[in-house]
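*Asks:* Contents of query.txt (compact mmCIF, C-alpha atoms) are below:
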```txt
# COMPACT_ATOMS: atom_id res chain seq x y z
CA MET A 1 -29.18 0.02 2.99
CA ALA A 2 -30.97 -3.07 4.13
CA THR A 3 -31.35 -1.72 7.67
CA THR A 4 -34.68 -0.15 6.88
CA ALA A 5 -36.20 -3.61 6.68
CA THR A 6 -34.62 -4.71 9.96
CA VAL A 7 -37.01 -5.13 12.82
CA GLN A 8 -35.72 -5.75 16.31
CA GLY A 9 -36.13 -9.38 17.29
CA THR A 10 -36.41 -10.72 13.75
CA LYS A 11 -35.61 -14.46 13.72
CA TRP A 12 -33.16 -14.46 10.78
CA TRP A 13 -32.41 -18.16 11.10
CA GLY A 14 -36.05 -19.10 11.60
CA GLY A 15 -36.38 -20.08 7.93
CA GLY A 16 -38.43 -18.54 5.19
CA LYS A 17 -36.12 -15.56 4.76
CA SER A 18 -32.56 -14.75 3.70
CA PRO A 19 -30.47 -14.83 6.89
CA PHE A 20 -28.02 -12.23 5.60
CA ASN A 21 -30.70 -9.99 4.11
CA VAL A 22 -28.64 -9.15 1.01
CA GLU A 23 -28.79 -10.19 -2.60
CA TYR A 24 -26.68 -13.20 -3.69
CA GLY A 25 -24.13 -11.26 -5.76
CA LYS A 26 -23.40 -8.81 -2.99
CA LEU A 27 -22.90 -11.56 -0.42
CA MET A 28 -20.56 -13.41 -2.78
CA MET A 29 -18.62 -10.18 -3.41
CA TRP A 30 -18.10 -9.90 0.34
CA TYR A 31 -16.85 -13.49 0.51
CA PHE A 32 -14.54 -12.91 -2.44
CA LEU A 33 -13.13 -9.82 -0.76
CA MET A 34 -12.61 -11.80 2.43
CA SER A 35 -10.59 -14.43 0.56
CA ASP A 36 -8.63 -11.68 -1.18
CA THR A 37 -7.93 -10.16 2.23
CA PHE A 38 -6.22 -13.40 3.20
CA THR A 39 -4.20 -13.41 -0.02
CA PHE A 40 -2.93 -9.89 0.58
CA GLY A 41 -2.57 -10.66 4.27
CA ALA A 42 -0.35 -13.64 3.47
CA PHE A 43 1.85 -11.51 1.22
CA LEU A 44 2.24 -8.74 3.76
CA ILE A 45 2.83 -11.18 6.61
CA SER A 46 5.54 -13.01 4.66
CA TYR A 47 7.16 -9.62 4.06
CA GLY A 48 6.94 -8.97 7.80
CA THR A 49 8.45 -12.37 8.58
CA ILE A 50 11.48 -11.67 6.42
CA ARG A 51 11.90 -8.20 7.88
CA PHE A 52 11.85 -9.68 11.36
CA ALA A 53 14.35 -12.35 10.34
CA VAL A 54 17.17 -10.09 9.13
CA ASN A 55 19.46 -7.64 10.86
CA TYR A 56 19.19 -4.93 8.26
CA TRP A 57 16.36 -3.55 6.16
CA PRO A 58 16.40 -0.36 4.04
CA ASP A 59 14.87 2.76 5.51
CA PRO A 60 11.83 3.57 3.30
CA ASN A 61 12.72 7.25 3.54
CA ASP A 62 15.95 6.53 1.65
CA VAL A 63 14.23 4.47 -1.04
CA PHE A 64 11.04 6.41 -1.71
CA ASN A 65 12.21 10.01 -1.66
CA ALA A 66 11.72 11.15 -5.26
CA PHE A 67 9.02 13.27 -6.82
CA PRO A 68 8.31 13.78 -10.55
CA LEU A 69 10.13 16.79 -12.00
CA ALA A 70 11.86 17.45 -8.67
CA GLY A 71 15.24 16.10 -9.82
CA HIS A 72 17.38 14.78 -7.01
CA ALA A 73 15.58 16.65 -4.24
CA ASN A 74 15.20 14.54 -1.10
CA LEU A 75 11.43 14.37 -0.52
CA PRO A 76 10.61 11.33 1.62
CA LEU A 77 6.93 10.31 1.84
CA ALA A 78 5.80 13.10 -0.49
CA PHE A 79 4.92 11.14 -3.61
CA VAL A 80 3.33 8.23 -1.81
CA SER A 81 1.17 10.69 0.15
CA LEU A 82 -0.08 12.04 -3.15
CA MET A 83 -0.90 8.49 -4.29
CA THR A 84 -2.70 7.78 -1.02
CA PHE A 85 -4.85 10.89 -1.33
CA ILE A 86 -5.69 10.11 -4.95
CA LEU A 87 -6.96 6.68 -3.91
CA ILE A 88 -8.93 8.01 -0.91
CA MET A 89 -10.57 10.62 -3.14
CA SER A 90 -11.49 8.07 -5.80
CA SER A 91 -13.01 5.97 -3.01
CA VAL A 92 -15.12 8.97 -1.99
CA THR A 93 -16.35 9.56 -5.55
CA MET A 94 -17.25 5.86 -5.68
CA VAL A 95 -19.40 6.15 -2.52
CA LEU A 96 -21.11 9.12 -4.11
CA ALA A 97 -21.78 7.06 -7.26
CA VAL A 98 -23.33 4.29 -5.13
CA HIS A 99 -25.34 6.94 -3.29
CA ALA A 100 -26.62 8.37 -6.58
CA GLY A 101 -27.52 4.81 -7.58
CA HIS A 102 -29.67 4.43 -4.47
CA HIS A 103 -31.72 7.36 -5.71
CA ASN A 104 -31.85 6.02 -9.29
CA ASP A 105 -30.01 9.17 -10.37
CA ARG A 106 -28.44 8.06 -13.64
CA LYS A 107 -26.63 11.34 -14.35
CA GLY A 108 -25.16 11.35 -10.85
CA VAL A 109 -23.89 7.78 -11.25
CA ILE A 110 -22.28 8.64 -14.58
CA LYS A 111 -20.60 11.76 -13.18
CA TRP A 112 -19.17 10.08 -10.09
CA MET A 113 -18.13 6.90 -11.93
CA LEU A 114 -16.18 9.07 -14.38
CA TRP A 115 -14.32 10.78 -11.53
CA THR A 116 -13.62 7.39 -9.93
CA ILE A 117 -12.12 6.11 -13.17
CA VAL A 118 -10.02 9.27 -13.49
CA GLY A 119 -8.74 8.72 -9.94
CA GLY A 120 -7.88 5.09 -10.69
CA ILE A 121 -5.97 5.99 -13.85
CA ALA A 122 -4.15 8.77 -11.97
CA PHE A 123 -3.09 6.28 -9.29
CA LEU A 124 -1.87 3.77 -11.90
CA SER A 125 0.12 6.50 -13.65
CA CYS A 126 1.76 7.43 -10.35
CA GLN A 127 2.67 3.81 -9.74
CA ALA A 128 4.09 3.48 -13.25
CA TRP A 129 6.26 6.52 -12.60
CA GLU A 130 7.41 5.19 -9.24
CA TRP A 131 8.35 1.78 -10.67
CA THR A 132 10.15 3.34 -13.62
CA HIS A 133 12.06 5.61 -11.29
CA LEU A 134 13.17 2.70 -9.10
CA ILE A 135 14.04 0.30 -11.93
CA ALA A 136 15.93 2.91 -13.96
CA GLY A 137 17.37 4.44 -10.79
CA GLN A 138 21.12 4.93 -10.60
CA ASP A 139 22.89 4.47 -7.31
CA ALA A 140 26.50 3.64 -6.63
CA ILE A 141 27.22 0.41 -4.78
CA LEU A 142 30.31 -1.35 -3.50
CA SER A 143 30.33 -4.86 -4.90
CA ASN A 144 33.22 -7.36 -4.92
CA GLY A 145 35.71 -4.66 -4.01
CA ALA A 146 34.76 -2.39 -6.92
CA LEU A 147 32.14 0.27 -7.56
CA ASP A 148 29.09 -0.28 -9.72
CA VAL A 149 25.87 1.54 -10.54
CA ILE A 150 22.53 -0.29 -10.23
CA GLY A 151 18.80 0.33 -9.90
CA THR A 152 16.19 -1.66 -7.98
CA THR A 153 15.07 -4.98 -9.44
CA THR A 154 13.74 -8.20 -7.96
CA ARG A 155 17.34 -9.46 -7.76
CA VAL A 156 19.36 -6.49 -6.59
CA ASN A 157 18.91 -3.11 -5.01
CA PRO A 158 21.30 -0.38 -3.94
CA PHE A 159 19.90 0.19 -0.44
CA GLY A 160 22.31 -1.70 1.83
CA HIS A 161 24.67 -0.36 4.50
CA GLU A 162 26.32 2.99 3.81
CA VAL A 163 30.02 2.70 3.01
CA HIS A 164 32.50 5.34 4.13
CA GLY A 165 36.22 6.11 4.10
CA PRO A 166 39.17 4.28 2.56
CA ALA A 167 37.11 1.32 1.31
CA ILE A 168 35.57 3.59 -1.32
CA VAL A 169 38.90 5.04 -2.48
CA GLU A 170 40.31 1.53 -2.88
CA ALA A 171 37.23 0.27 -4.67
CA PHE A 172 37.35 3.31 -6.95
CA GLN A 173 40.82 2.28 -8.14
CA ASN A 174 39.59 -1.29 -8.78
CA THR A 175 36.54 -0.22 -10.77
CA SER A 176 36.39 -1.49 -14.34
CA HIS A 177 36.12 0.74 -17.41
CA GLU A 178 32.46 -0.13 -17.72
CA GLY A 179 31.81 0.77 -14.10
CA LEU A 180 33.64 4.09 -14.48
CA VAL A 181 31.53 4.94 -17.54
CA LYS A 182 28.36 4.31 -15.50
CA LEU A 183 29.61 6.42 -12.60
CA ALA A 184 30.58 9.29 -14.89
CA ALA A 185 27.27 9.08 -16.75
CA MET A 186 25.42 9.19 -13.43
CA GLN A 187 27.14 12.41 -12.38
CA HIS A 188 27.39 14.22 -15.70
CA HIS A 189 24.48 12.97 -17.82
CA THR A 190 26.85 12.76 -20.78
CA ASP A 191 26.35 10.51 -23.78
CA HIS A 192 27.42 6.90 -23.10
CA ALA A 193 29.30 6.44 -26.40
CA GLN A 194 31.36 9.55 -25.72
CA LEU A 195 32.28 8.34 -22.22
CA THR A 196 33.14 4.83 -23.41
CA ALA A 197 35.73 6.31 -25.75
CA MET A 198 37.54 8.00 -22.86
CA SER A 199 40.42 6.45 -20.91
CA ASP A 200 40.07 5.22 -17.32
CA GLU A 201 42.23 8.12 -16.08
CA GLN A 202 40.05 10.70 -17.80
CA LEU A 203 36.92 9.08 -16.39
CA ARG A 204 38.35 8.97 -12.87
CA GLY A 205 39.10 12.68 -13.19
CA MET A 206 35.47 13.39 -14.01
CA ILE A 207 34.01 11.53 -11.02
CA ASN A 208 33.56 13.23 -7.68
CA VAL A 209 33.96 10.31 -5.24
CA ALA A 210 32.79 12.31 -2.22
CA GLU A 211 29.40 12.86 -3.85
CA LEU A 212 28.72 9.22 -4.71
CA HIS A 213 26.90 8.17 -1.49
CA VAL A 214 28.10 4.59 -1.91
CA ARG A 215 26.16 1.76 -0.25
CA GLU A 216 26.40 -1.99 -0.26
CA SER A 217 23.69 -3.84 -2.16
CA GLY A 218 20.59 -4.24 -0.01
CA PRO A 219 18.61 -7.28 1.21
CA VAL A 220 17.83 -9.51 -1.78
CA ALA A 221 14.17 -9.90 -0.79
CA PHE A 222 13.44 -6.18 -0.83
CA GLY A 223 12.71 -5.75 -4.55
CA GLY A 224 10.71 -8.96 -4.83
CA PHE A 225 8.41 -8.01 -1.98
CA PHE A 226 8.03 -4.42 -3.12
CA TYR A 227 7.32 -5.15 -6.78
CA GLY A 228 5.33 -8.28 -5.97
CA ILE A 229 2.96 -6.71 -3.48
CA THR A 230 2.56 -3.26 -5.03
CA GLY A 231 2.27 -5.00 -8.41
CA PHE A 232 -0.47 -7.31 -7.18
CA HIS A 233 -2.25 -4.31 -5.72
CA GLY A 234 -1.73 -2.33 -8.92
CA PHE A 235 -3.25 -5.21 -10.88
CA HIS A 236 -6.30 -4.99 -8.62
CA VAL A 237 -6.51 -1.27 -9.33
CA LEU A 238 -6.25 -1.96 -13.05
CA SER A 239 -9.01 -4.57 -12.98
CA GLY A 240 -11.08 -2.20 -10.81
CA VAL A 241 -10.72 0.52 -13.43
CA VAL A 242 -11.79 -1.92 -16.15
CA ILE A 243 -14.82 -3.01 -14.09
CA ASN A 244 -15.71 0.63 -13.44
CA ILE A 245 -15.49 1.45 -17.14
CA ILE A 246 -17.84 -1.45 -17.93
CA MET A 247 -20.24 -0.21 -15.23
CA LEU A 248 -20.05 3.30 -16.68
CA ILE A 249 -20.92 2.05 -20.16
CA MET A 250 -23.80 -0.04 -18.81
CA THR A 251 -25.11 2.96 -16.87
CA GLN A 252 -24.85 5.14 -19.95
CA LYS A 253 -26.80 2.61 -21.98
CA GLY A 254 -29.54 2.64 -19.35
CA VAL A 255 -29.18 -1.04 -18.41
CA PHE A 256 -29.57 -0.37 -14.67
CA GLU A 257 -32.34 2.15 -15.20
CA ARG A 258 -34.35 -0.49 -17.04
CA ARG A 259 -33.51 -3.02 -14.33
CA GLY A 260 -34.86 -0.61 -11.74
CA HIS A 261 -31.85 -0.72 -9.42
CA TYR A 262 -28.15 0.05 -9.37
CA LEU A 263 -26.98 -2.95 -7.32
CA MET A 264 -24.16 -3.64 -9.81
CA ILE A 265 -22.68 -0.22 -9.01
CA GLU A 266 -22.77 -1.19 -5.33
CA LYS A 267 -20.88 -4.42 -6.01
CA ALA A 268 -18.28 -2.66 -8.16
CA GLY A 269 -18.08 -0.11 -5.35
CA LEU A 270 -17.30 -2.83 -2.78
CA TYR A 271 -14.42 -4.03 -4.93
CA TRP A 272 -13.11 -0.51 -5.44
CA HIS A 273 -13.18 0.30 -1.72
CA PHE A 274 -11.38 -2.94 -1.04
CA VAL A 275 -8.58 -1.81 -3.35
CA ASP A 276 -8.34 1.39 -1.31
CA LEU A 277 -8.40 -0.65 1.90
CA VAL A 278 -5.48 -2.79 0.78
CA TRP A 279 -3.50 0.30 -0.15
CA VAL A 280 -3.95 1.63 3.38
CA PHE A 281 -2.05 -1.43 4.62
CA VAL A 282 0.54 -1.43 1.82
CA PHE A 283 1.16 2.24 2.65
CA LEU A 284 1.67 1.31 6.31
CA CYS A 285 3.95 -1.67 5.74
CA PHE A 286 6.17 -0.37 2.94
CA TYR A 287 6.33 3.37 3.42
CA LEU A 288 5.56 4.23 7.03
CA ILE A 289 7.15 1.63 9.28
CA MET B 1 -35.87 -10.74 -6.25
CA GLU B 2 -37.09 -7.84 -8.37
CA HIS B 3 -39.77 -7.08 -5.85
CA SER B 4 -37.42 -6.84 -2.89
CA HIS B 5 -35.25 -4.32 -4.74
CA HIS B 6 -38.16 -2.00 -5.28
CA THR B 7 -38.96 -1.97 -1.60
CA THR B 8 -35.29 -1.32 -0.78
CA THR B 9 -34.99 1.67 -3.10
CA ASP B 10 -38.33 3.08 -1.95
CA ALA B 11 -37.20 2.87 1.63
CA VAL B 12 -33.95 4.58 0.78
CA ALA B 13 -35.78 7.44 -0.92
CA HIS B 14 -37.30 8.29 2.43
CA HIS B 15 -33.85 8.36 3.93
CA ASP B 16 -32.53 11.90 4.09
CA SER B 17 -30.14 12.06 1.14
CA LYS B 18 -28.32 15.10 2.48
CA ALA B 19 -27.61 13.38 5.79
CA VAL B 20 -25.92 10.51 3.92
CA VAL B 21 -23.76 12.90 1.90
CA ARG B 22 -22.83 14.73 5.10
CA LYS B 23 -21.77 11.41 6.64
CA ILE B 24 -19.63 10.63 3.58
CA ILE B 25 -17.93 14.04 3.75
CA ARG B 26 -17.33 13.68 7.48
CA THR B 27 -15.70 10.28 6.91
CA THR B 28 -13.56 11.69 4.09
CA ILE B 29 -12.27 14.45 6.35
CA LEU B 30 -11.60 11.95 9.11
CA LEU B 31 -9.64 9.63 6.78
CA SER B 32 -7.60 12.56 5.45
CA VAL B 33 -6.84 13.82 8.95
CA ILE B 34 -5.68 10.37 10.08
CA THR B 35 -3.46 10.08 6.99
CA ILE B 36 -1.97 13.52 7.66
CA VAL B 37 -1.29 12.58 11.28
CA GLU B 38 0.44 9.38 10.07
CA LEU B 39 2.58 11.42 7.69
CA GLY B 40 3.37 13.87 10.48
CA LEU B 41 4.56 10.98 12.66
CA GLY B 42 6.63 9.67 9.74
CA PHE B 43 8.35 13.03 9.30
CA LEU B 44 8.82 13.31 13.07
CA MET B 45 10.71 10.00 13.04
CA TYR B 46 12.70 11.04 9.98
CA PHE B 47 13.89 14.39 11.29
CA THR B 48 14.40 13.44 14.94
CA GLN B 49 16.78 10.93 16.46
CA PHE B 50 14.60 9.18 19.02
CA PRO B 51 15.61 6.30 21.26
CA ASP B 52 14.51 2.95 19.82
CA TRP B 53 11.55 2.52 22.16
CA VAL B 54 10.07 5.87 21.07
CA ASN B 55 10.31 4.83 17.40
CA LEU B 56 8.63 1.54 18.26
CA PHE B 57 5.89 3.42 20.09
CA ILE B 58 5.31 5.70 17.09
CA LYS B 59 5.19 2.73 14.71
CA GLY B 60 2.65 1.06 16.99
CA LEU B 61 0.60 4.24 16.91
CA MET B 62 0.71 4.17 13.09
CA VAL B 63 -0.60 0.59 13.08
CA ILE B 64 -3.51 1.59 15.33
CA LEU B 65 -4.30 4.63 13.16
CA THR B 66 -4.26 2.39 10.06
CA LEU B 67 -6.70 -0.02 11.70
CA ALA B 68 -8.95 2.95 12.49
CA LYS B 69 -8.82 3.98 8.81
CA ALA B 70 -9.67 0.42 7.77
CA PHE B 71 -12.63 0.42 10.16
CA TYR B 72 -14.07 3.62 8.68
CA ILE B 73 -13.59 2.49 5.09
CA VAL B 74 -15.34 -0.81 5.76
CA ALA B 75 -18.08 0.49 8.06
CA ILE B 76 -19.01 3.70 6.22
CA PHE B 77 -17.78 3.50 2.61
CA MET B 78 -18.56 -0.19 2.18
CA HIS B 79 -21.74 0.20 4.27
CA LEU B 80 -20.97 -2.91 6.32
CA GLY B 81 -22.09 -0.98 9.40
CA ASP B 82 -25.55 -0.69 7.82
CA GLU B 83 -25.96 -4.43 7.26
CA ILE B 84 -27.55 -6.83 9.73
CA ARG B 85 -25.46 -8.44 12.45
CA ASN B 86 -25.47 -11.85 10.71
CA LEU B 87 -23.67 -10.44 7.66
CA ILE B 88 -21.21 -8.44 9.76
CA MET B 89 -20.29 -11.54 11.77
CA THR B 90 -19.87 -13.83 8.76
CA ILE B 91 -17.21 -11.40 7.46
CA VAL B 92 -15.54 -10.27 10.68
CA VAL B 93 -15.26 -13.55 12.61
CA PRO B 94 -13.07 -15.37 10.01
CA LEU B 95 -10.76 -12.33 10.04
CA LEU B 96 -9.88 -13.17 13.64
CA LEU B 97 -7.53 -15.78 12.09
CA PHE B 98 -5.22 -12.87 11.39
CA ILE B 99 -4.43 -12.58 15.10
CA TRP B 100 -2.79 -16.01 15.00
CA PHE B 101 -1.45 -15.49 11.47
CA ILE B 102 0.42 -12.28 12.28
CA ALA B 103 1.63 -13.30 15.74
CA ALA B 104 2.89 -16.74 14.68
CA PHE B 105 4.78 -15.64 11.58
CA LEU B 106 6.40 -12.53 13.02
CA TRP B 107 7.44 -14.54 16.05
CA ASP B 108 8.91 -17.15 13.76
CA GLY B 109 10.88 -14.52 11.84
CA ALA B 110 12.25 -12.96 15.02
CA SER B 111 13.21 -16.37 16.38
CA TYR B 112 15.10 -17.22 13.18
CA ARG B 113 16.98 -13.95 13.48
CA ASN B 114 17.95 -14.65 17.07
CA LEU B 115 19.12 -18.18 16.25
CA ARG B 116 21.20 -16.92 13.36
CA ASN B 117 22.81 -14.18 15.42
CA THR B 118 23.59 -16.67 18.16
CA TYR B 119 25.13 -19.40 16.03
CA ASP B 120 26.32 -17.65 12.84
CA THR B 121 28.89 -15.14 14.04
CA TYR B 122 29.98 -14.29 10.49
CA TYR B 123 26.43 -13.22 9.66
CA LYS B 124 26.19 -11.21 12.84
CA GLU B 125 29.51 -9.43 12.31
CA THR B 126 28.82 -8.55 8.69
CA THR B 127 25.32 -7.25 9.24
CA LEU B 128 25.27 -5.82 12.75
CA ASP B 129 27.36 -3.33 14.73
CA ARG B 130 27.54 -1.14 11.68
CA GLY B 131 25.60 1.81 12.97
CA VAL B 132 22.31 0.14 12.12
CA ARG B 133 19.79 0.54 14.89
CA ASP B 134 17.71 -2.42 15.99
CA ALA B 135 14.42 -0.59 15.64
CA ASP B 136 15.12 -0.09 11.93
CA THR B 137 14.47 -3.73 11.30
CA THR B 138 12.33 -5.35 13.94
CA ILE B 139 10.31 -4.71 17.02
CA ASN B 140 12.39 -7.31 18.80
CA PRO B 141 15.72 -5.70 19.76
CA LEU B 142 18.68 -8.01 20.06
CA ARG B 143 19.85 -9.12 23.42
```
Could I get this file's structure written as structure tokens?
*Replies:*
Amino acid sequence: MATTATVQGTKWWGGGKSPFNVEYGKLMMWYFLMSDTFTFGAFLISYGTIRFAVNYWPDPNDVFNAFPLAGHANLPLAFVSLMTFILIMSSVTMVLAVHAGHHNDRKGVIKWMLWTIVGGIAFLSCQAWEWTHLIAGQDAILSNGALDVIGTTTRVNPFGHEVHGPAIVEAFQNTSHEGLVKLAAMQHHTDHAQLTAMSDEQLRGMINVAELHVRESGPVAFGGFFYGITGFHGFHVLSGVVINIIMLIMTQKGVFERRGHYLMIEKAGLYWHFVDLVWVFVFLCFYLI
Amino acid sequence: MEHSHHTTTDAVAHHDSKAVVRKIIRTTILLSVITIVELGLGFLMYFTQFPDWVNLFIKGLMVILTLAKAFYIVAIFMHLGDEIRNLIMTIVVPLLLFIWFIAAFLWDGASYRNLRNTYDTYYKETTLDRGVRDADTTINPLR
């Protein structure tokens, strides 16, 4: 809100005044965010480079199509939209907290900071669910001529080419006992110990091959980029929540009221908006295109 | 330092508080609408089989919409639009490096892919011609 002091034709570099017209901490926060932009930019660009360098990349609609409590329903984009809106909303409550700070409205700051923290925790919970769902996910893949069941990790993922026809039938016959147990468990949600005790023939009888949706394992880099970049962003969200909690406590104790200004809330706000800003690009690169 | 803060907050008090809140709400609605449009485009691509160039066009549109969102977050929510020109330039000008950064590295990736497909036939046969469409992976369709 420094504009009010701006007069047309002011010689900012004439000496005797601050050429950026902001307080030191705020300027340094901007420079930190700029450097962080390059860090995230480098990550996302390296992801783009690899995507441009390979012939196949998983379709995000096949990977991110689950929603909590929705079972196996195919709901592409739904959950990540929810996450995006949570983060936009928490960004809005943060602006309102900064706005209340401009008016030295302590109660307003406390109220809006609380909502911002709630939004941040909600986002982190969503991300925890999404990661858990992907890591513990069970999808059938064709690997070394046999079938297997894997989730998404930084080493493997089940989102390669779709496999059809006789290759699956042949691979099904070559599948080990362990593999058959995993396939049966995936389709029937039966106890593992019980399935392990069964013979291969019994297990094969339980498995509906047509319903397996077998794929090859996907590009190796996929999991690393996804967990690496969303993880780095999630860590920013986490540290933002911690910073916001500290700001909330300081506001509650009247530190800023005694100081006469709420500039610290503004600086925390800059960081929080930056986290939202990064998510806008992560959302674009991983889920939309 | 203390003194300057008092003048800042006093000046802000004169500012119409309701107008600022209205601006925030307007920006929120705008950001939500852009996000919904992006999602709509995503679903459009998912449920319709477009030719590759249409998909590329839609993805380009999504990039532009995302940049618009970024602009509003930075200009309105982070109040960069309210700062003096000196501060805006010291942040925005270094970001121009991204033009080179993005162009150079994506170009490099695409060039590596073309080289590999030209000289490594095994790679090409095992990864291509399998019903995978070019636009799924890059904006640089194979020749």
*Asks:* Return the single residue from B:Gln49, B:Thr90, B:Thr126, B:Thr66 that is closest to Ile34 of chain B, with distances computed using all atoms listed in the file.
*Replies:*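 Of B:Gln49, B:Thr90, B:Thr126, B:Thr66, the one nearest Ile34 of chain B, counting all atoms listed in the file, is B:Thr66.
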*Asks:* So, with all atoms listed in the file as the atoms that count, which of A:Ile150, A:His103, A:Val275, A:Leu288 lies closest to Asn61 of chain A?
*Replies:*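 Between A:Ile150, A:His103, A:Val275, A:Leu288, the residue approaching Asn61 of chain A most closely is A:Leu288.
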*Asks:* Could you list, as a list in words, every residue within 9 Å of Val37 of chain B, counting only C-alpha atoms and ignoring same-chain residues fewer than 4 positions away?
*Replies:* Ser32, Val33, Leu41, Gly42, Met62 and Leu65 of chain B
*Asks:* Compile the contact shell of segment 187-189 of chain A as an NGL selection string: residues with an atom at most 9 Å away, counting all atoms listed in the file, same-chain residues fewer than 5 positions apart removed.
*Replies:* :A and (182 or 206-208 or 211-212)
*Asks:* Any idea what the distance is between atom CA of Ser239 of chain A and atom CA of Gly120 of chain A?
*Replies:*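 For atom CA of Ser239 of chain A relative to atom CA of Gly120 of chain A, the distance reads 10.0 Å.
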*Asks:* Can you measure atom CA of Gly41 of chain A to atom CA of Gly224 of chain A for me? One decimal in Å is fine.
*Replies:* 16.2 Å
*Asks:* Between atom CA of Ala53 of chain A and atom CA of Ala110 of chain B, what is the spacing in Å?
*Replies:*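 So the two atoms, atom CA of Ala110 of chain B and atom CA of Ala53 of chain A, lie 5.2 Å apart.
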*Asks:* Mind listing whatever residues come within 12 Å of the point (-23.6, -8.5, 9.4)? Use only C-alpha atoms, file coordinates, and give them as a ChimeraX atom specification.
*Replies:* /A:2-3,6,12,19-22,27,30 /B:74-75,79-93
*Asks:* A:Ile50, A:Leu77, A:Met28, A:Cys285: which is nearest Asp62 of chain A, counting all atoms listed in the file?
*Replies:*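 Distance minimum relative to Asp62 of chain A lands on A:Leu77.
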*Asks:* Tell me, as number ranges by chain, which residues lie within 9 Å of Asp139 of chain A, counting all atoms listed in the file; anything in the same chain fewer than 3 positions away does not count.
*Replies:* A: 148-151, 157-159, 183, 186, 212-215
*Asks:* With all atoms listed in the file as the counted atoms, please give the residues lying no more than 12 Å from Val63 of chain A, apart from itself and same-chain residues fewer than 4 positions off, as a ChimeraX atom specification.
*Replies:* /A:57-59,67,74-77,79-80,130-131,133-135,137-139,151-152,157-160,218,222-223,226,286-288
*Asks:* Select, from A:Ser81, A:Tyr31, A:Ser143, A:Ile86, the residue with the minimum atom-to-atom distance to Ser217 of chain A, counting all atoms listed in the file.
*Replies:*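 Among A:Ser81, A:Tyr31, A:Ser143, A:Ile86, it is A:Ser143 that comes nearest to Ser217 of chain A.
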*Asks:* Would you kindly return, as a list in words, each protein, DNA or RNA residue with an atom no farther than 9 Å from any atom of Ile121 of chain A, considering all atoms listed in the file and excluding same-chain residues fewer than 4 positions away?
*Replies:*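 Surrounding residues, per the criterion: Thr116, Ile117, Ser125, Cys126, Val237, Leu238 and Val241 of chain A.
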*Asks:* Which one is closest to chain B: A:Val118, A:Val220, A:Leu270, A:Val282? Count only C-alpha atoms.
*Replies:* A:Leu270
*Asks:* From the options A:Val242, A:Leu142, A:Leu284, A:Val278, which residue's atoms come nearest to Ile88 of chain A, counting all atoms listed in the file?
*Replies:* A:Val278
*Asks:* Since the input is missing atoms, can you rebuild N, CA and C atoms for segment 38-49 of chain A and write them as an mmCIF file, in the coordinates of the input?
*Replies:*
```
data_model
loop_
_atom_site.group_PDB
_atom_site.id
_atom_site.type_symbol
_atom_site.label_atom_id
_atom_site.label_comp_id
_atom_site.auth_asym_id
_atom_site.auth_seq_id
_atom_site.Cartn_x
_atom_site.Cartn_y
_atom_site.Cartn_z
ATOM 1 N N PHE A 38 -7.198 -12.420 2.723
ATOM 2 C CA PHE A 38 -6.220 -13.400 3.200
ATOM 3 C C PHE A 38 -5.045 -13.513 2.241
ATOM 4 N N THR A 39 -5.306 -13.367 0.939
ATOM 5 C CA THR A 39 -4.200 -13.410 -0.020
ATOM 6 C C THR A 39 -3.234 -12.255 0.249
ATOM 7 N N PHE A 40 -3.778 -11.045 0.305
ATOM 8 C CA PHE A 40 -2.930 -9.890 0.580
ATOM 9 C C PHE A 40 -2.299 -10.006 1.960
ATOM 10 N N GLY A 41 -3.089 -10.490 2.913
ATOM 11 C CA GLY A 41 -2.570 -10.660 4.270
ATOM 12 C C GLY A 41 -1.367 -11.588 4.265
ATOM 13 N N ALA A 42 -1.464 -12.689 3.527
ATOM 14 C CA ALA A 42 -0.350 -13.640 3.470
ATOM 15 C C ALA A 42 0.887 -12.980 2.879
ATOM 16 N N PHE A 43 0.706 -12.203 1.822
ATOM 17 C CA PHE A 43 1.850 -11.510 1.220
ATOM 18 C C PHE A 43 2.509 -10.562 2.213
ATOM 19 N N LEU A 44 1.679 -9.739 2.851
ATOM 20 C CA LEU A 44 2.240 -8.740 3.760
ATOM 21 C C LEU A 44 2.865 -9.391 4.985
ATOM 22 N N ILE A 45 2.272 -10.505 5.443
ATOM 23 C CA ILE A 45 2.830 -11.180 6.610
ATOM 24 C C ILE A 45 4.159 -11.843 6.259
ATOM 25 N N SER A 46 4.259 -12.405 5.042
ATOM 26 C CA SER A 46 5.540 -13.010 4.660
ATOM 27 C C SER A 46 6.612 -11.929 4.565
ATOM 28 N N TYR A 47 6.235 -10.765 4.077
ATOM 29 C CA TYR A 47 7.160 -9.620 4.060
ATOM 30 C C TYR A 47 7.589 -9.286 5.488
ATOM 31 N N GLY A 48 6.625 -9.254 6.400
ATOM 32 C CA GLY A 48 6.940 -8.970 7.800
ATOM 33 C C GLY A 48 7.864 -10.026 8.394
ATOM 34 N N THR A 49 7.609 -11.294 8.059
ATOM 35 C CA THR A 49 8.450 -12.370 8.580
ATOM 36 C C THR A 49 9.903 -12.173 8.173
#
```
